[in-house]
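Read through the structure below, which is laid out as C-alpha cells, and then see the notes.
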Amino acid sequence: VSFIHIDITKDFLPNADLMIVRDCLIHFSYKDIYRFMKNFCGSDIRYLLTTTHIAQSIQDVKNRDIKTGDFRNIYLFEPPFSFPKNPLLRIEDWRFPDHPREVCLFSKQQVIDSLEALNRNLSYIELQNFR
C-alpha cells in the first residue's frame, strides 16, 4: 500500500483498478466536480467508489452549487450529475444523526456517461469558464 498527495481535479491519477473518493465531492463546487470527473475519465482507473446522500423525500433531492471547501448534501443520481441509478454496488456509510448516505461503485463507462450528462446539464457559459 502506498499513499500519494495529489489534486484530483488536475493532477495525473496513477494507474489503479479502483479510486475511492469518500466524503470528498460533497465539499466540491460543480466546477471542481466536473474537473475531477474529466480527470478520472482520462485516467486508466477502471472503477470509482464515491459518496452520495440518500434521498429521504422528494424535497431532499435538490443539488446546489457551493464554493469548494463548503458542504452540502449531494445526490449523484439527480441533475446536474445524473449518475445511473444502477451502480455496480451500494454500501450504506453513515451514522445517526448524520443524513443517510452511501458509497456507490461505478464503472468507468458509467462515469463517462455521467460526465456527458453533467456537461449537458450545466450551462454552456458556466462550463466555458473552467474547461
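In the C-alpha cells, chains take letters A, B, ... by order of appearance, with residues numbered from 1 within each chain and ligands from 1 in the order shown.
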Quiz item: Near Leu118 (chain A), counting only C-alpha atoms, which residues have an atom at most 12 Å away, once you skip same-chain residues fewer than 4 positions from it, shown as an MDAnalysis selection string?
Solution: chainID A and resid 30:38 76:83 111:114 122:124 126:127
Self-check item: Members of region 16-106 of chain A assigned strand (DSSP E or B) by DSSP, as a PyMOL selection string
Solution: chain A and resi 18-21+47-53+68+70+89-92+101-106
Practice problem: For region 94-99 of chain A, please output as a ChimeraX atom specification all residues within 9 Å (counting only C-alpha atoms; exclusion window: fewer than 5 positions along the same chain). | Solution: /A:53-56,73
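Here CA of Asp44 (chain A) is placed at a distance of 8.0 Å from CA of Asp17 (chain A).
Candidate residues A:Ser29, A:Asn121, A:Ser107, A:Asn86 were compared for distance to Leu48 (chain A), and the nearest is A:Ser107, using only C-alpha atoms.
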Give me, as an mmCIF file with C-alpha atoms, in the first residue's frame, the residues of chain A that a backbone DSSP run labels alpha helix (DSSP H).
```
data_model
loop_
_atom_site.group_PDB
_atom_site.id
_atom_site.type_symbol
_atom_site.label_atom_id
_atom_site.label_comp_id
_atom_site.auth_asym_id
_atom_site.auth_seq_id
_atom_site.Cartn_x
_atom_site.Cartn_y
_atom_site.Cartn_z
ATOM 1 C CA TYR A 30 -19.815 21.913 -9.582
ATOM 2 C CA LYS A 31 -16.757 23.242 -11.387
ATOM 3 C CA ASP A 32 -14.370 21.083 -9.374
ATOM 4 C CA ILE A 33 -16.615 18.010 -9.630
ATOM 5 C CA TYR A 34 -16.594 18.484 -13.405
ATOM 6 C CA ARG A 35 -12.798 18.829 -13.377
ATOM 7 C CA PHE A 36 -12.429 15.698 -11.229
ATOM 8 C CA MET A 37 -14.761 13.643 -13.417
ATOM 9 C CA LYS A 38 -12.960 14.779 -16.569
ATOM 10 C CA ASN A 39 -9.617 13.894 -14.970
ATOM 11 C CA PHE A 40 -10.919 10.491 -13.846
ATOM 12 C CA CYS A 41 -12.313 9.725 -17.314
ATOM 13 C CA LYS A 108 -15.537 3.977 -15.944
ATOM 14 C CA GLN A 109 -18.264 3.946 -18.630
ATOM 15 C CA GLN A 110 -20.907 4.961 -16.081
ATOM 16 C CA VAL A 111 -18.719 7.893 -15.023
ATOM 17 C CA ILE A 112 -18.158 8.866 -18.676
ATOM 18 C CA ASP A 113 -21.921 8.836 -19.271
ATOM 19 C CA SER A 114 -22.448 10.974 -16.155
ATOM 20 C CA LEU A 115 -19.771 13.437 -17.255
ATOM 21 C CA GLU A 116 -21.637 13.830 -20.543
ATOM 22 C CA ALA A 117 -24.875 14.441 -18.593
ATOM 23 C CA LEU A 118 -23.145 16.983 -16.364
ATOM 24 C CA ASN A 119 -21.823 18.701 -19.462
ATOM 25 C CA ARG A 120 -25.372 18.880 -20.894
ATOM 26 C CA ASN A 121 -26.987 19.962 -17.622
ATOM 27 C CA TYR A 124 -22.500 26.375 -21.831
ATOM 28 C CA ILE A 125 -21.219 29.674 -20.435
ATOM 29 C CA GLU A 126 -20.644 28.192 -16.988
ATOM 30 C CA LEU A 127 -18.579 25.348 -18.455
ATOM 31 C CA GLN A 128 -16.534 27.666 -20.646
#
```
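In this comparison, which uses only C-alpha atoms, the residue of A:Pro87, A:Val61, A:Phe12, A:Asp23 approaching Ile45 (chain A) most closely is A:Phe12.
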Quiz prompt | Contacts of Ile26 (chain A) at 7 Å (only C-alpha atoms; same-chain gap of 2+ positions) as a ChimeraX atom specification | solution = /A:23-24,28,71-74
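With only C-alpha atoms as the basis for measurement, A:His27 is the residue among A:Pro84, A:Thr51, A:Val21, A:His27 that approaches Arg64 (chain A) most closely.
The space between CA of Lys10 (chain A) and CA of Gly42 (chain A) spans 10.7 Å.
Comparing the minimum interatomic distances between Glu102 (chain A) and each of A:Leu88, A:Thr50, A:Ser57, A:Asp7, counting only C-alpha atoms, we find that A:Thr50 sits nearest.
CA of Arg46 (chain A) is positioned 18.6 Å from CA of Ile91 (chain A).
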